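Chemist: The following block contains the structure, expressed as structure tokens.
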There are 2 protein chains.
Amino acid sequence: MAASKCTRLCGETSRCFLNSVDTVLFDCDGVLWRGDEAVPGAPDVINGLKSMGKRVFYLTNNSTKTRSMYVDKLCRMGFRAVPGDVFGTAYCTAVYLRDIVRLQGKVYLVGGRALSDELEAAGIGHLGTGPDPVIGGFSDWGSMGSDREVKAVVIGFDEHFSYMKLTRALHYLQDSSCLFIATNTDTRLPLEGGKVIPGTGCLVRAVETAAHRKAQVIGKPSSFMFDCVVQDCGLDPSRTVMVGDRLDTDILMGSTCGIRTLLTLTGFSSLEDAKSYQESGSLSLVPDYYVNSIADLLPALSGEQQ
Amino acid sequence: MAASKCTRLCGETSRCFLNSVDTVLFDCDGVLWRGDEAVPGAPDVINGLKSMGKRVFYLTNNSTKTRSMYVDKLCRMGFRAVPGDVFGTAYCTAVYLRDIVRLQGKVYLVGGRALSDELEAAGIGHLGTGPDPVIGGFSDWGSMGSDREVKAVVIGFDEHFSYMKLTRALHYLQDSSCLFIATNTDTRLPLEGGKVIPGTGCLVRAVETAAHRKAQVIGKPSSFMFDCVVQDCGLDPSRTVMVGDRLDTDILMGSTCGIRTLLTLTGFSSLEDAKSYQESGSLSLVPDYYVNSIADLLPALSGEQQ
């Protein structure tokens, strides 16, 4: 089993692989693009897969865009996409609250415009977005977060994250019946040129530390986004593959969900990382296949089309 | 050994105990006061100990007050104190940077006025205090924290903690030669009436998560504040006791430093917590003695004085 893992896809193996899948789930950042630049050849791969009749879905932990914002970005870069193809954590968090827990009450939201829009589209009331300036002193801060209709705290990416928001979140979460949800726990967000900024995981850890509770995570490696695709669109796990650049989110989710996995080396994780997990026996973090870039699939795709 | 731990001090055992110590180290919040209210009888205990010729020092993880601000608070509540008695994490952090690592460069400070004042008093340049409003977007945030003179990041309590500060701290800490120091890792700050607000530990965890590094901690249970007392004033460990309300900071520090420990039940930890550590064999978290309140020592103190 271990020996057949982490196989490089090229030539004939690529063609066999493509023949064996109907549905391809793609992570976005580090796979299709880096920051605002498409990975060279990536749009041709996506559009080629679609032309072959494969179904393509986009699964991203990033909570800063709605489905339609993702479609705008994808199309601007040359990827064919419609809103129903996109499963981001902003959309999936709203689905979770509406359809799974059927929230009766409001959300205290540490998050930005996209999360706010997706919650609204799902008919879920919320408060908390935007700046929350420091007011008063210690004795005032002891009584923040007092809206009795709040029944869930949601933590997503929020550039306005602050001590005041942390304090409100803590006070809501002191009620053990208040739900505690994180869009994802990525520790860093990669930008162009190797630059990084703190990811949502940093905000989640701050709130978890204050609340003495662990958040329920919507994003990968949790299987919830996969479940959303299954629920909305159906798929045959034996003919589905997850393509991603992170072993601890994309590949682990694929393994957990019983589908095949493909690591691309244009993003976060390296082949050495994968080999190291393989040697230590952590096989759920080892991809079935890898490519240097998803553009490596282009010859097999055009071969199929000839 | 285990059987002699966690003994309640009363009557004759209190008198024997007091005869066996020359130096008493007191945590403040939850021991001497709660918020802005003195624990009833606590000032009489401190002043009685001083009248008997015992040396009293105040060791607090709180970084929001300078030595002289603590003296003001202590005296206002009726405790006799001079600045040299007070070892808070604002002062001890400055001592650490000036005397132990002999910092050549500036500090990026996530912290308030007291930390800023203590750093200044120690001749250490710093930047970062006060609000840090959100400016620009993702691409701007990739290049924050660019002062090349910064050689240390210090995280203390800061009500202006924000995503921008988190981002600057991350960028400084990407240079592995940049020191990373936390005043303390307390997860909550208790206020009057059982209310709580997030403690410095929440901010530290956020920065640690972003930086993929662990901070060096100045406050208890680290032994550094004890070392400061030894360095500045000298003491005989065999005739010294640490009095505190938290097993995981005060009592653990006392155990680590080889001095006796006394838990008071007016604050964070309960007797059940201590018994539970005793049963699980975590003896460094079990105090040698306990009292319901340090006021329980008053009869023995007045007995001594009679």
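By order in the structure tokens, chains are A, B, ...; within a chain, residues start at 1; ligands start at 1, following the order shown.
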Could you pull the residues within 7 Å of Ala210 (chain A), counting only C-alpha atoms, minus those fewer than 2 positions along the same chain, as a PyMOL selection string?
Modeler: (chain A and resi 170+206-208+212) or (chain B and resi 187-188+198+202)
Chemist: Save out the residues we just selected, all heavy atoms, as a compact mmCIF listing (two decimals), in the first residue's frame.
Modeler:
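Output below, filename out-v4.txt:
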# COMPACT_ATOMS: atom_id res chain seq x y z
N LEU A 170 -15.32 35.76 23.65
CA LEU A 170 -15.19 35.04 24.92
C LEU A 170 -16.50 35.07 25.70
O LEU A 170 -16.97 34.03 26.19
CB LEU A 170 -14.05 35.66 25.76
CG LEU A 170 -14.05 35.35 27.26
CD1 LEU A 170 -14.01 33.84 27.54
CD2 LEU A 170 -12.88 36.03 27.95
N ALA A 206 -6.48 32.30 19.32
CA ALA A 206 -6.65 33.34 20.34
C ALA A 206 -8.00 33.16 21.04
O ALA A 206 -8.08 33.18 22.28
CB ALA A 206 -6.55 34.73 19.71
N VAL A 207 -9.05 32.95 20.26
CA VAL A 207 -10.39 32.81 20.85
C VAL A 207 -10.49 31.49 21.63
O VAL A 207 -11.05 31.46 22.74
CB VAL A 207 -11.49 32.90 19.77
CG1 VAL A 207 -12.86 32.69 20.38
CG2 VAL A 207 -11.43 34.26 19.07
N GLU A 208 -9.93 30.41 21.09
CA GLU A 208 -9.96 29.13 21.81
C GLU A 208 -9.24 29.26 23.16
O GLU A 208 -9.69 28.70 24.16
CB GLU A 208 -9.27 28.04 20.97
CG GLU A 208 -10.12 27.56 19.79
CD GLU A 208 -9.45 26.43 19.00
OE1 GLU A 208 -8.21 26.29 19.07
OE2 GLU A 208 -10.16 25.70 18.31
N HIS A 212 -11.38 28.66 26.51
CA HIS A 212 -11.13 27.31 27.04
C HIS A 212 -12.03 26.30 26.32
O HIS A 212 -12.54 25.36 26.94
CB HIS A 212 -11.33 27.24 28.55
CG HIS A 212 -10.46 28.17 29.35
ND1 HIS A 212 -10.57 28.33 30.71
CD2 HIS A 212 -9.45 28.99 28.99
CE1 HIS A 212 -9.68 29.21 31.14
NE2 HIS A 212 -8.99 29.64 30.10
N THR B 187 -4.43 32.89 30.51
CA THR B 187 -5.44 32.91 29.46
C THR B 187 -6.57 33.90 29.74
O THR B 187 -7.25 34.35 28.82
CB THR B 187 -6.05 31.51 29.25
OG1 THR B 187 -6.65 31.09 30.48
CG2 THR B 187 -4.98 30.51 28.84
N ARG B 188 -6.80 34.21 31.01
CA ARG B 188 -7.87 35.14 31.37
C ARG B 188 -7.43 36.08 32.48
O ARG B 188 -6.63 35.70 33.33
CB ARG B 188 -9.11 34.38 31.85
CG ARG B 188 -9.80 33.58 30.78
CD ARG B 188 -10.98 32.84 31.38
NE ARG B 188 -11.75 32.17 30.34
CZ ARG B 188 -12.86 31.47 30.59
NH1 ARG B 188 -13.31 31.36 31.83
NH2 ARG B 188 -13.51 30.88 29.60
N PRO B 198 -10.13 38.40 28.23
CA PRO B 198 -9.01 37.59 27.73
C PRO B 198 -7.67 38.09 28.29
O PRO B 198 -7.44 39.29 28.40
CB PRO B 198 -9.08 37.81 26.21
CG PRO B 198 -10.49 38.22 25.93
CD PRO B 198 -10.90 39.03 27.13
N CYS B 202 -3.75 34.75 25.32
CA CYS B 202 -4.51 34.66 24.05
C CYS B 202 -3.74 35.35 22.93
O CYS B 202 -3.70 34.85 21.79
CB CYS B 202 -5.87 35.31 24.20
SG CYS B 202 -6.85 34.65 25.55
Chemist: Need the shell around Gly11 (chain A): protein/DNA/RNA residues with any atom at most 8 Å away, counting only C-alpha atoms. Skip same-chain ones fewer than 4 positions apart. Format as a list in words?
Modeler: Arg15, Pro299 and Ala300 of chain A
Chemist: Deliver the residues from the most recent selection as a file, using all heavy atoms, as a short mmCIF file (atom, residue, chain, number, x, y, z; two decimals), in the first residue's frame.
Modeler:
data_model
loop_
_atom_site.label_atom_id
_atom_site.label_comp_id
_atom_site.auth_asym_id
_atom_site.auth_seq_id
_atom_site.Cartn_x
_atom_site.Cartn_y
_atom_site.Cartn_z
N ARG A 15 -2.42 9.53 -18.30
CA ARG A 15 -3.57 9.16 -19.13
C ARG A 15 -4.47 8.14 -18.39
O ARG A 15 -5.69 8.30 -18.36
CB ARG A 15 -3.12 8.61 -20.48
CG ARG A 15 -3.03 9.71 -21.55
CD ARG A 15 -2.60 9.14 -22.91
NE ARG A 15 -1.23 8.67 -22.87
CZ ARG A 15 -0.15 9.47 -23.04
NH1 ARG A 15 -0.32 10.76 -23.27
NH2 ARG A 15 1.06 8.98 -22.97
N PRO A 299 -0.23 17.46 -21.40
CA PRO A 299 -0.02 16.53 -22.52
C PRO A 299 -1.05 15.40 -22.53
O PRO A 299 -1.62 15.08 -23.58
CB PRO A 299 1.39 15.99 -22.26
CG PRO A 299 2.07 17.04 -21.43
CD PRO A 299 0.99 17.62 -20.59
N ALA A 300 -1.32 14.83 -21.35
CA ALA A 300 -2.29 13.73 -21.29
C ALA A 300 -3.68 14.22 -21.67
O ALA A 300 -4.47 13.50 -22.31
CB ALA A 300 -2.31 13.13 -19.89
#
Chemist: Hey, what's within 12 Å of Leu235 (chain A) if we count only C-alpha atoms and toss same-chain stuff fewer than 6 positions away? As a list in words, please?
Modeler: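 Near Leu235 (chain A), the qualifying residues are Val21, Asp22, Thr23, Val24, Leu25, Lys54, Arg55, Val56, Phe57, Phe226, Asp227, Cys228, Val229, Val241, Cys257 and Ile259 of chain A.
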Chemist: Write to file, as a compact mmCIF listing (two decimals), in the first residue's frame, the residues of the selection just made, with N, CA, C and O atoms.
Modeler:
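Output contents, as saved in selection-v9.txt:
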# COMPACT_ATOMS: atom_id res chain seq x y z
N VAL A 21 -10.96 8.92 -13.48
CA VAL A 21 -11.72 9.88 -12.67
C VAL A 21 -12.82 10.58 -13.48
O VAL A 21 -12.67 10.82 -14.67
N ASP A 22 -13.92 10.85 -12.77
CA ASP A 22 -15.03 11.63 -13.35
C ASP A 22 -15.09 13.02 -12.73
O ASP A 22 -15.58 13.96 -13.35
N THR A 23 -14.65 13.11 -11.46
CA THR A 23 -14.82 14.35 -10.70
C THR A 23 -13.48 14.76 -10.10
O THR A 23 -12.80 13.93 -9.48
N VAL A 24 -13.13 16.04 -10.29
CA VAL A 24 -11.86 16.53 -9.76
C VAL A 24 -12.15 17.72 -8.84
O VAL A 24 -12.78 18.70 -9.25
N LEU A 25 -11.70 17.58 -7.58
CA LEU A 25 -11.87 18.66 -6.59
C LEU A 25 -10.54 19.40 -6.49
O LEU A 25 -9.51 18.80 -6.19
N LYS A 54 -15.30 15.92 -17.64
CA LYS A 54 -15.07 15.74 -16.20
C LYS A 54 -15.79 16.86 -15.45
O LYS A 54 -15.91 17.99 -15.95
N ARG A 55 -16.22 16.54 -14.22
CA ARG A 55 -16.80 17.58 -13.38
C ARG A 55 -15.70 18.17 -12.50
O ARG A 55 -14.89 17.42 -11.92
N VAL A 56 -15.67 19.48 -12.41
CA VAL A 56 -14.64 20.18 -11.62
C VAL A 56 -15.32 21.00 -10.53
O VAL A 56 -16.27 21.74 -10.81
N PHE A 57 -14.82 20.85 -9.31
CA PHE A 57 -15.28 21.70 -8.21
C PHE A 57 -14.09 22.36 -7.53
O PHE A 57 -12.99 21.81 -7.52
N PHE A 226 -16.41 18.46 1.61
CA PHE A 226 -16.64 17.30 0.74
C PHE A 226 -18.11 16.87 0.84
O PHE A 226 -18.77 16.62 -0.18
N ASP A 227 -18.60 16.82 2.08
CA ASP A 227 -20.01 16.45 2.28
C ASP A 227 -20.94 17.41 1.55
O ASP A 227 -21.98 17.00 1.02
N CYS A 228 -20.57 18.71 1.53
CA CYS A 228 -21.39 19.71 0.82
C CYS A 228 -21.46 19.39 -0.68
O CYS A 228 -22.52 19.48 -1.29
N VAL A 229 -20.31 19.02 -1.26
CA VAL A 229 -20.30 18.68 -2.69
C VAL A 229 -21.18 17.46 -2.93
O VAL A 229 -22.01 17.44 -3.85
N VAL A 241 -11.02 12.63 -7.32
CA VAL A 241 -9.68 12.92 -6.78
C VAL A 241 -9.68 14.34 -6.20
O VAL A 241 -10.35 15.23 -6.71
N CYS A 257 -11.84 11.20 3.45
CA CYS A 257 -13.10 10.99 2.72
C CYS A 257 -13.03 9.78 1.79
O CYS A 257 -14.00 9.52 1.06
N ILE A 259 -11.20 9.23 -0.88
CA ILE A 259 -10.97 9.45 -2.32
C ILE A 259 -9.46 9.52 -2.57
O ILE A 259 -8.68 9.62 -1.63
Chemist: Using only C-alpha atoms and a distance of at most 8 Å, pull out the residues of chain A that contact chain B, as a ChimeraX atom specification.
Modeler: /A:134,138-139,141-143,158-164,166-167,170,187-188,191,195-199,201-207,209-210
Chemist: Report as a ChimeraX atom specification all protein, DNA and RNA residues lying within 8 Å of Leu252 (chain A), evaluated on only C-alpha atoms, omitting residues in the same chain fewer than 2 positions from it.
Modeler: /A:220-221,247-250,254-256,284-286
Chemist: How would the residues just picked look written out with N, CA, C and O atoms as a short mmCIF file (atom, residue, chain, number, x, y, z; two decimals), in the first residue's frame?
Modeler:
data_model
loop_
_atom_site.label_atom_id
_atom_site.label_comp_id
_atom_site.auth_asym_id
_atom_site.auth_seq_id
_atom_site.Cartn_x
_atom_site.Cartn_y
_atom_site.Cartn_z
N LYS A 220 -11.10 22.32 5.25
CA LYS A 220 -10.21 21.15 5.22
C LYS A 220 -9.20 21.25 6.36
O LYS A 220 -8.76 22.35 6.65
N PRO A 221 -8.80 20.17 7.03
CA PRO A 221 -9.04 18.77 6.69
C PRO A 221 -10.38 18.20 7.14
O PRO A 221 -10.61 17.01 6.95
N LEU A 247 -0.49 19.14 2.47
CA LEU A 247 -0.68 17.78 2.97
C LEU A 247 -1.63 17.76 4.16
O LEU A 247 -2.45 16.85 4.28
N ASP A 248 -1.51 18.77 5.04
CA ASP A 248 -2.27 18.73 6.30
C ASP A 248 -3.71 19.22 6.16
O ASP A 248 -4.47 19.17 7.12
N THR A 249 -4.08 19.71 4.97
CA THR A 249 -5.48 20.11 4.77
C THR A 249 -6.06 19.33 3.58
O THR A 249 -6.90 18.45 3.75
N ASP A 250 -5.56 19.62 2.37
CA ASP A 250 -6.13 19.04 1.15
C ASP A 250 -5.98 17.51 1.12
O ASP A 250 -6.95 16.78 0.89
N GLY A 254 -8.81 14.50 1.67
CA GLY A 254 -9.06 13.47 0.66
C GLY A 254 -8.94 12.06 1.25
O GLY A 254 -9.80 11.21 1.03
N SER A 255 -7.88 11.83 2.03
CA SER A 255 -7.68 10.51 2.65
C SER A 255 -8.85 10.18 3.57
O SER A 255 -9.37 9.06 3.56
N THR A 256 -9.25 11.17 4.39
CA THR A 256 -10.34 10.96 5.34
C THR A 256 -11.63 10.60 4.63
O THR A 256 -12.42 9.79 5.12
N SER A 284 -2.09 8.93 5.89
CA SER A 284 -3.22 9.78 5.51
C SER A 284 -2.73 11.17 5.06
O SER A 284 -3.50 11.93 4.49
N LEU A 285 -1.47 11.48 5.34
CA LEU A 285 -0.90 12.75 4.90
C LEU A 285 -0.03 12.60 3.65
O LEU A 285 0.62 13.55 3.21
N VAL A 286 -0.02 11.38 3.09
CA VAL A 286 0.79 11.12 1.90
C VAL A 286 -0.15 11.02 0.69
O VAL A 286 -1.12 10.25 0.72
#
Chemist: CA of Val153 (chain B) and CA of Gln216 (chain B) are how many Å apart?
Modeler: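 Computing the Euclidean distance for CA of Val153 (chain B) and CA of Gln216 (chain B) yields 10.5 Å.
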Chemist: Just the number, please: distance in Å from CA of Met242 (chain B) to CA of Glu118 (chain B), one decimal.
Modeler: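 Interatomic distance here is 24.6 Å.
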Chemist: As JSON, numbers by chain, list the residues of region 14-257 of chain A assigned to strand (DSSP E) by DSSP on the backbone atoms of this structure.
Modeler: {"A": [23, 24, 25, 26, 33, 34, 37, 38, 55, 56, 57, 58, 59, 60, 86, 87, 88, 106, 107, 108, 109, 110, 126, 127, 150, 151, 152, 153, 154, 155, 179, 180, 181, 182, 188, 189, 190, 196, 197, 198, 216, 217, 240, 241, 242, 243, 244]}
Chemist: Excluding same-chain residues fewer than 2 positions from region 266-279 of chain A, what lies within 8 Å of it counting only C-alpha atoms, as a VMD selection string?
Modeler: chain A and resid 2 6 29 to 31 34 39 245 to 247 264 281 to 283 285 to 287 292 to 293
Chemist: Using only N, CA, C and O atoms, please write the residues we just selected to a file, as a PDB file, in the first residue's frame.
Modeler:
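To be explicit, this is the file written out as part-v1.pdb:
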ATOM      1  N   ALA A   2       1.812   1.318   0.986  1.00  0.00           N
ATOM      2  CA  ALA A   2       2.676   2.486   1.082  1.00  0.00           C
ATOM      3  C   ALA A   2       3.509   2.656  -0.183  1.00  0.00           C
ATOM      4  O   ALA A   2       3.724   3.763  -0.658  1.00  0.00           O
ATOM      5  N   CYS A   6       2.349   8.221  -3.464  1.00  0.00           N
ATOM      6  CA  CYS A   6       3.250   9.290  -3.882  1.00  0.00           C
ATOM      7  C   CYS A   6       3.922   8.987  -5.232  1.00  0.00           C
ATOM      8  O   CYS A   6       5.126   9.138  -5.401  1.00  0.00           O
ATOM      9  N   ASP A  29      -5.752  28.337  -3.929  1.00  0.00           N
ATOM     10  CA  ASP A  29      -4.513  29.067  -3.716  1.00  0.00           C
ATOM     11  C   ASP A  29      -3.331  28.100  -3.610  1.00  0.00           C
ATOM     12  O   ASP A  29      -3.370  27.132  -2.851  1.00  0.00           O
ATOM     13  N   GLY A  30      -2.299  28.329  -4.421  1.00  0.00           N
ATOM     14  CA  GLY A  30      -1.139  27.435  -4.452  1.00  0.00           C
ATOM     15  C   GLY A  30      -1.307  26.302  -5.447  1.00  0.00           C
ATOM     16  O   GLY A  30      -0.377  25.529  -5.685  1.00  0.00           O
ATOM     17  N   VAL A  31      -2.518  26.179  -6.023  1.00  0.00           N
ATOM     18  CA  VAL A  31      -2.813  25.111  -6.986  1.00  0.00           C
ATOM     19  C   VAL A  31      -3.163  25.734  -8.342  1.00  0.00           C
ATOM     20  O   VAL A  31      -2.541  25.432  -9.362  1.00  0.00           O
ATOM     21  N   ARG A  34      -1.343  31.842  -7.414  1.00  0.00           N
ATOM     22  CA  ARG A  34      -0.631  32.332  -6.223  1.00  0.00           C
ATOM     23  C   ARG A  34      -0.917  33.810  -6.155  1.00  0.00           C
ATOM     24  O   ARG A  34      -0.537  34.556  -7.052  1.00  0.00           O
ATOM     25  N   VAL A  39      -1.331  30.060 -11.945  1.00  0.00           N
ATOM     26  CA  VAL A  39      -0.229  29.129 -12.222  1.00  0.00           C
ATOM     27  C   VAL A  39      -0.227  28.894 -13.742  1.00  0.00           C
ATOM     28  O   VAL A  39      -1.290  28.574 -14.314  1.00  0.00           O
ATOM     29  N   ASP A 245      -2.280  21.602  -2.578  1.00  0.00           N
ATOM     30  CA  ASP A 245      -0.864  21.886  -2.328  1.00  0.00           C
ATOM     31  C   ASP A 245      -0.480  21.693  -0.873  1.00  0.00           C
ATOM     32  O   ASP A 245       0.682  21.845  -0.524  1.00  0.00           O
ATOM     33  N   ARG A 246      -1.452  21.359  -0.018  1.00  0.00           N
ATOM     34  CA  ARG A 246      -1.147  21.202   1.410  1.00  0.00           C
ATOM     35  C   ARG A 246      -1.476  19.797   1.867  1.00  0.00           C
ATOM     36  O   ARG A 246      -2.614  19.334   1.757  1.00  0.00           O
ATOM     37  N   LEU A 247      -0.487  19.145   2.466  1.00  0.00           N
ATOM     38  CA  LEU A 247      -0.677  17.782   2.965  1.00  0.00           C
ATOM     39  C   LEU A 247      -1.633  17.762   4.155  1.00  0.00           C
ATOM     40  O   LEU A 247      -2.452  16.848   4.278  1.00  0.00           O
ATOM     41  N   THR A 264       0.179  18.919  -5.688  1.00  0.00           N
ATOM     42  CA  THR A 264       0.917  19.715  -6.666  1.00  0.00           C
ATOM     43  C   THR A 264       1.939  20.568  -5.913  1.00  0.00           C
ATOM     44  O   THR A 264       1.661  21.047  -4.803  1.00  0.00           O
ATOM     45  N   GLY A 281       5.117   6.730   8.520  1.00  0.00           N
ATOM     46  CA  GLY A 281       3.892   5.923   8.539  1.00  0.00           C
ATOM     47  C   GLY A 281       2.609   6.721   8.661  1.00  0.00           C
ATOM     48  O   GLY A 281       1.542   6.146   8.895  1.00  0.00           O
ATOM     49  N   SER A 282       2.693   8.045   8.498  1.00  0.00           N
ATOM     50  CA  SER A 282       1.478   8.876   8.563  1.00  0.00           C
ATOM     51  C   SER A 282       0.847   8.917   7.175  1.00  0.00           C
ATOM     52  O   SER A 282       0.838   9.948   6.496  1.00  0.00           O
ATOM     53  N   LEU A 283       0.289   7.786   6.757  1.00  0.00           N
ATOM     54  CA  LEU A 283      -0.099   7.628   5.352  1.00  0.00           C
ATOM     55  C   LEU A 283      -1.279   8.498   4.931  1.00  0.00           C
ATOM     56  O   LEU A 283      -1.429   8.800   3.748  1.00  0.00           O
ATOM     57  N   LEU A 285      -1.473  11.481   5.345  1.00  0.00           N
ATOM     58  CA  LEU A 285      -0.897  12.755   4.901  1.00  0.00           C
ATOM     59  C   LEU A 285      -0.035  12.596   3.654  1.00  0.00           C
ATOM     60  O   LEU A 285       0.618  13.551   3.212  1.00  0.00           O
ATOM     61  N   VAL A 286      -0.017  11.382   3.093  1.00  0.00           N
ATOM     62  CA  VAL A 286       0.794  11.118   1.897  1.00  0.00           C
ATOM     63  C   VAL A 286      -0.154  11.023   0.694  1.00  0.00           C
ATOM     64  O   VAL A 286      -1.116  10.252   0.722  1.00  0.00           O
ATOM     65  N   PRO A 287       0.099  11.810  -0.359  1.00  0.00           N
ATOM     66  CA  PRO A 287      -0.802  11.765  -1.524  1.00  0.00           C
ATOM     67  C   PRO A 287      -0.609  10.471  -2.316  1.00  0.00           C
ATOM     68  O   PRO A 287       0.464   9.869  -2.284  1.00  0.00           O
ATOM     69  N   ASN A 292       4.614  18.299 -10.446  1.00  0.00           N
ATOM     70  CA  ASN A 292       5.311  19.557 -10.141  1.00  0.00           C
ATOM     71  C   ASN A 292       4.362  20.736 -10.237  1.00  0.00           C
ATOM     72  O   ASN A 292       4.449  21.691  -9.464  1.00  0.00           O
ATOM     73  N   SER A 293       3.453  20.640 -11.213  1.00  0.00           N
ATOM     74  CA  SER A 293       2.414  21.660 -11.394  1.00  0.00           C
ATOM     75  C   SER A 293       1.256  20.945 -12.074  1.00  0.00           C
ATOM     76  O   SER A 293       1.474  19.957 -12.807  1.00  0.00           O
TER      77      SER A 293
END
Chemist: Which residue gives the smallest distance to Ala215 (chain B) among B:Gly244, B:Gly234, B:Gly111, B:Gly156, with only C-alpha atoms counted?
Modeler: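 Between B:Gly244, B:Gly234, B:Gly111, B:Gly156, the residue approaching Ala215 (chain B) most closely is B:Gly156.
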Chemist: In Å, rounded to a single decimal, give me how far CA of Tyr108 (chain B) is from CA of Ala90 (chain B).
Modeler: 14.4 Å
Chemist: Find the spatial neighbours of Asp44 (chain A), counting only C-alpha atoms, within a cut-off of 12 Å - ignore same-chain residues fewer than 4 positions away - and output them as a CSV table (one decimal) with N, CA, C and O atoms, in the first residue's frame.
Modeler:
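As written to disk, part_23.csv reads:
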chain,number,residue,atom,x,y,z
A,32,LEU,N,-4.2,26.6,-8.3
A,32,LEU,CA,-4.6,27.3,-9.5
A,32,LEU,C,-3.9,28.7,-9.7
A,32,LEU,O,-3.8,29.2,-10.8
A,38,ALA,N,-2.3,33.5,-12.0
A,38,ALA,CA,-2.6,32.1,-12.3
A,38,ALA,C,-1.3,31.3,-12.4
A,38,ALA,O,-0.3,31.8,-12.9
A,39,VAL,N,-1.3,30.1,-11.9
A,39,VAL,CA,-0.2,29.1,-12.2
A,39,VAL,C,-0.2,28.9,-13.7
A,39,VAL,O,-1.3,28.6,-14.3
A,40,PRO,N,0.9,29.1,-14.4
A,40,PRO,CA,0.9,28.9,-15.9
A,40,PRO,C,0.4,27.6,-16.3
A,40,PRO,O,0.7,26.6,-15.8
A,48,GLY,N,-9.7,22.1,-20.1
A,48,GLY,CA,-9.5,20.8,-20.8
A,48,GLY,C,-10.3,19.7,-20.1
A,48,GLY,O,-10.9,18.8,-20.7
A,49,LEU,N,-10.2,19.6,-18.8
A,49,LEU,CA,-10.9,18.6,-18.0
A,49,LEU,C,-12.4,18.7,-18.3
A,49,LEU,O,-13.1,17.7,-18.5
A,50,LYS,N,-12.9,20.0,-18.3
A,50,LYS,CA,-14.3,20.2,-18.5
A,50,LYS,C,-14.7,19.8,-19.9
A,50,LYS,O,-15.8,19.2,-20.1
A,51,SER,N,-13.8,20.1,-20.9
A,51,SER,CA,-14.1,19.7,-22.3
A,51,SER,C,-14.2,18.2,-22.4
A,51,SER,O,-14.9,17.7,-23.3
A,52,MET,N,-13.4,17.4,-21.6
A,52,MET,CA,-13.5,16.0,-21.6
A,52,MET,C,-14.7,15.4,-20.9
A,52,MET,O,-14.9,14.2,-20.8
A,77,MET,N,-9.2,35.0,-14.6
A,77,MET,CA,-7.9,34.4,-14.9
A,77,MET,C,-8.0,33.3,-16.0
A,77,MET,O,-7.0,32.7,-16.4
A,78,GLY,N,-9.3,33.1,-16.5
A,78,GLY,CA,-9.4,32.2,-17.7
A,78,GLY,C,-9.9,30.8,-17.3
A,78,GLY,O,-10.0,30.0,-18.2
A,79,PHE,N,-10.3,30.6,-16.0
A,79,PHE,CA,-10.9,29.3,-15.6
A,79,PHE,C,-12.4,29.4,-15.9
A,79,PHE,O,-13.1,30.3,-15.5
A,80,ARG,N,-13.0,28.3,-16.5
A,80,ARG,CA,-14.4,28.3,-16.6
A,80,ARG,C,-15.0,27.9,-15.3
A,80,ARG,O,-14.6,26.9,-14.6
A,294,ILE,N,0.0,21.4,-11.9
A,294,ILE,CA,-1.1,20.7,-12.6
A,294,ILE,C,-0.9,20.9,-14.1
A,294,ILE,O,-1.5,20.1,-14.8
A,295,ALA,N,-0.1,21.8,-14.5
A,295,ALA,CA,0.2,21.9,-16.0
A,295,ALA,C,0.8,20.7,-16.5
A,295,ALA,O,0.8,20.4,-17.7
A,296,ASP,N,1.4,19.8,-15.6
A,296,ASP,CA,2.0,18.6,-16.1
A,296,ASP,C,0.9,17.6,-16.7
A,296,ASP,O,1.3,16.7,-17.4
A,297,LEU,N,-0.3,17.9,-16.4
A,297,LEU,CA,-1.4,17.1,-16.9
A,297,LEU,C,-1.8,17.4,-18.4
A,297,LEU,O,-2.5,16.7,-19.0
A,298,LEU,N,-1.3,18.6,-18.8
A,298,LEU,CA,-1.7,19.1,-20.2
A,298,LEU,C,-1.4,18.1,-21.3
A,298,LEU,O,-2.3,17.9,-22.1
A,299,PRO,N,-0.2,17.5,-21.4
A,299,PRO,CA,0.0,16.5,-22.5
A,299,PRO,C,-1.0,15.4,-22.5
A,299,PRO,O,-1.6,15.1,-23.6
A,301,LEU,N,-4.0,15.5,-21.3
A,301,LEU,CA,-5.3,16.0,-21.6
A,301,LEU,C,-5.4,16.2,-23.1
A,301,LEU,O,-6.5,15.9,-23.7
A,302,SER,N,-4.4,16.8,-23.8
A,302,SER,CA,-4.5,17.0,-25.2
A,302,SER,C,-4.5,15.7,-25.9
A,302,SER,O,-5.1,15.5,-27.0
